[in-house]
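A.B. asks: Got a structure for you, written out below as structure tokens; questions coming shortly.
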Amino acid sequence: MKCYRRMLRISWIAKRKNTEILKELKVGQDWLLNNIKARKLSYFGHLKRHDSLEKHILEARLEGKRRKGRPTRRWTEDIKDWLQISPTEAGREAQKREVFRRRVREATSTQTCQDE
């Protein structure tokens, strides 16, 4: 919302409701989040279809112990949560571009329906 307010040049002390700002921009409440999610999933599919350095980094395993404390959230955990399948299975689906695109569309559209 802070970004939206800056785009409209609304002062941070102005008493405007978030819903009014979203209506003014003609944007749904989760538009930005769904856009980021769709782009992240499509980039994941792109990485899995091509043999590149990024793919090797994504699939790499590090040896040794991890640091103390809560484990950091991994990129593949988002993929797993959004698609409801393992990243390995998602990688196999990504080889079939149309199947993966359909799954991405379903993942981004069902999230909007559940929130509303």
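If you're wondering about the labels, chains in the structure tokens are A, B, ... by order shown, residues count from 1 in each chain, ligands from 1 in order shown.
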Could you give me, as a ChimeraX atom specification, the residues within 9 Å of Leu58 in chain A, counting only C-alpha atoms and dropping anything in the same chain fewer than 4 positions from it?
C.D. replies: /A:47,53-54,75-76
A.B. asks: Now that the selection is made, can you save its residues with all heavy atoms as an mmCIF file, in the first residue's frame?
C.D. replies:
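Result written to selection.cif:
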```
data_model
loop_
_atom_site.group_PDB
_atom_site.id
_atom_site.type_symbol
_atom_site.label_atom_id
_atom_site.label_comp_id
_atom_site.auth_asym_id
_atom_site.auth_seq_id
_atom_site.Cartn_x
_atom_site.Cartn_y
_atom_site.Cartn_z
ATOM 1 N N LEU A 47 13.782 -21.860 -15.653
ATOM 2 C CA LEU A 47 15.028 -22.435 -15.140
ATOM 3 C C LEU A 47 15.064 -23.946 -15.325
ATOM 4 O O LEU A 47 16.091 -24.506 -15.694
ATOM 5 C CB LEU A 47 15.185 -22.122 -13.648
ATOM 6 C CG LEU A 47 15.578 -20.712 -13.269
ATOM 7 C CD1 LEU A 47 15.660 -20.593 -11.758
ATOM 8 C CD2 LEU A 47 16.889 -20.317 -13.902
ATOM 9 N N LEU A 53 23.489 -21.990 -15.317
ATOM 10 C CA LEU A 53 24.134 -21.855 -14.012
ATOM 11 C C LEU A 53 23.090 -21.701 -12.904
ATOM 12 O O LEU A 53 23.214 -22.284 -11.832
ATOM 13 C CB LEU A 53 25.081 -20.655 -14.024
ATOM 14 C CG LEU A 53 25.776 -20.331 -12.701
ATOM 15 C CD1 LEU A 53 26.684 -21.482 -12.285
ATOM 16 C CD2 LEU A 53 26.569 -19.044 -12.822
ATOM 17 N N GLU A 54 22.034 -20.918 -13.184
ATOM 18 C CA GLU A 54 20.982 -20.709 -12.194
ATOM 19 C C GLU A 54 20.305 -22.025 -11.807
ATOM 20 O O GLU A 54 19.971 -22.252 -10.655
ATOM 21 C CB GLU A 54 19.926 -19.731 -12.715
ATOM 22 C CG GLU A 54 20.410 -18.316 -12.856
ATOM 23 C CD GLU A 54 20.953 -18.037 -14.251
ATOM 24 O OE1 GLU A 54 21.127 -18.982 -15.050
ATOM 25 O OE2 GLU A 54 21.224 -16.865 -14.531
ATOM 26 N N TRP A 75 13.545 -20.701 -1.640
ATOM 27 C CA TRP A 75 12.808 -20.353 -2.845
ATOM 28 C C TRP A 75 11.897 -21.504 -3.261
ATOM 29 O O TRP A 75 10.767 -21.295 -3.670
ATOM 30 C CB TRP A 75 13.839 -20.055 -3.930
ATOM 31 C CG TRP A 75 13.394 -19.133 -4.988
ATOM 32 C CD1 TRP A 75 13.221 -17.794 -4.870
ATOM 33 C CD2 TRP A 75 13.075 -19.465 -6.327
ATOM 34 N NE1 TRP A 75 12.832 -17.271 -6.069
ATOM 35 C CE2 TRP A 75 12.729 -18.279 -6.983
ATOM 36 C CE3 TRP A 75 13.035 -20.645 -7.049
ATOM 37 C CZ2 TRP A 75 12.361 -18.241 -8.307
ATOM 38 C CZ3 TRP A 75 12.672 -20.604 -8.371
ATOM 39 C CH2 TRP A 75 12.333 -19.416 -8.984
ATOM 40 N N THR A 76 12.393 -22.728 -3.142
ATOM 41 C CA THR A 76 11.615 -23.896 -3.569
ATOM 42 C C THR A 76 10.428 -24.160 -2.637
ATOM 43 O O THR A 76 9.461 -24.798 -3.054
ATOM 44 C CB THR A 76 12.501 -25.149 -3.640
ATOM 45 O OG1 THR A 76 13.188 -25.309 -2.403
ATOM 46 C CG2 THR A 76 13.500 -25.044 -4.767
#
```
A.B. asks: Excluding Lys80 in chain A and residues on its chain fewer than 6 positions from it, collect all residues at most 10 Å away from it, counting only C-alpha atoms, and give them as an NGL selection string.
C.D. replies: :A and (86-90)
A.B. asks: Between A:Arg67, A:Leu41, A:Leu25, A:Ala14, single out the one closest to Arg103 in chain A, counting only C-alpha atoms.
C.D. replies: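 Closest to Arg103 in chain A of all the choices is A:Leu41.
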A.B. asks: Separation of CA of Gly91 in chain A and CA of Lys48 in chain A, in Å?
C.D. replies: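 Here the two named atoms are 5.6 Å from each other.
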A.B. asks: Could you please determine the separation between CA of Arg49 in chain A and CA of Ala94 in chain A in Å, to one decimal place?
C.D. replies: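 CA of Ala94 in chain A lies 6.4 Å from CA of Arg49 in chain A.
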A.B. asks: Determine, counting only C-alpha atoms, which protein, DNA and RNA residues have an atom within 9 Å of an atom of Tyr4 in chain A; residues of the same chain fewer than 4 positions away are not included. Present the result as number ranges by chain.
C.D. replies: A: 8-10, 21-22, 25
A.B. asks: Record the distance separating CA of Arg97 in chain A and CA of His46 in chain A, expressed in Å with one decimal.
C.D. replies: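 One can read the CA of Arg97 in chain A to CA of His46 in chain A distance as 8.9 Å.
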A.B. asks: Could you tell me, as number ranges by chain, which residues of chain A DSSP assigns to helix (DSSP H, G or I) when given the backbone?
C.D. replies: A: 2-7, 18-25, 31-49, 53-59, 75-83, 87-94, 97-115
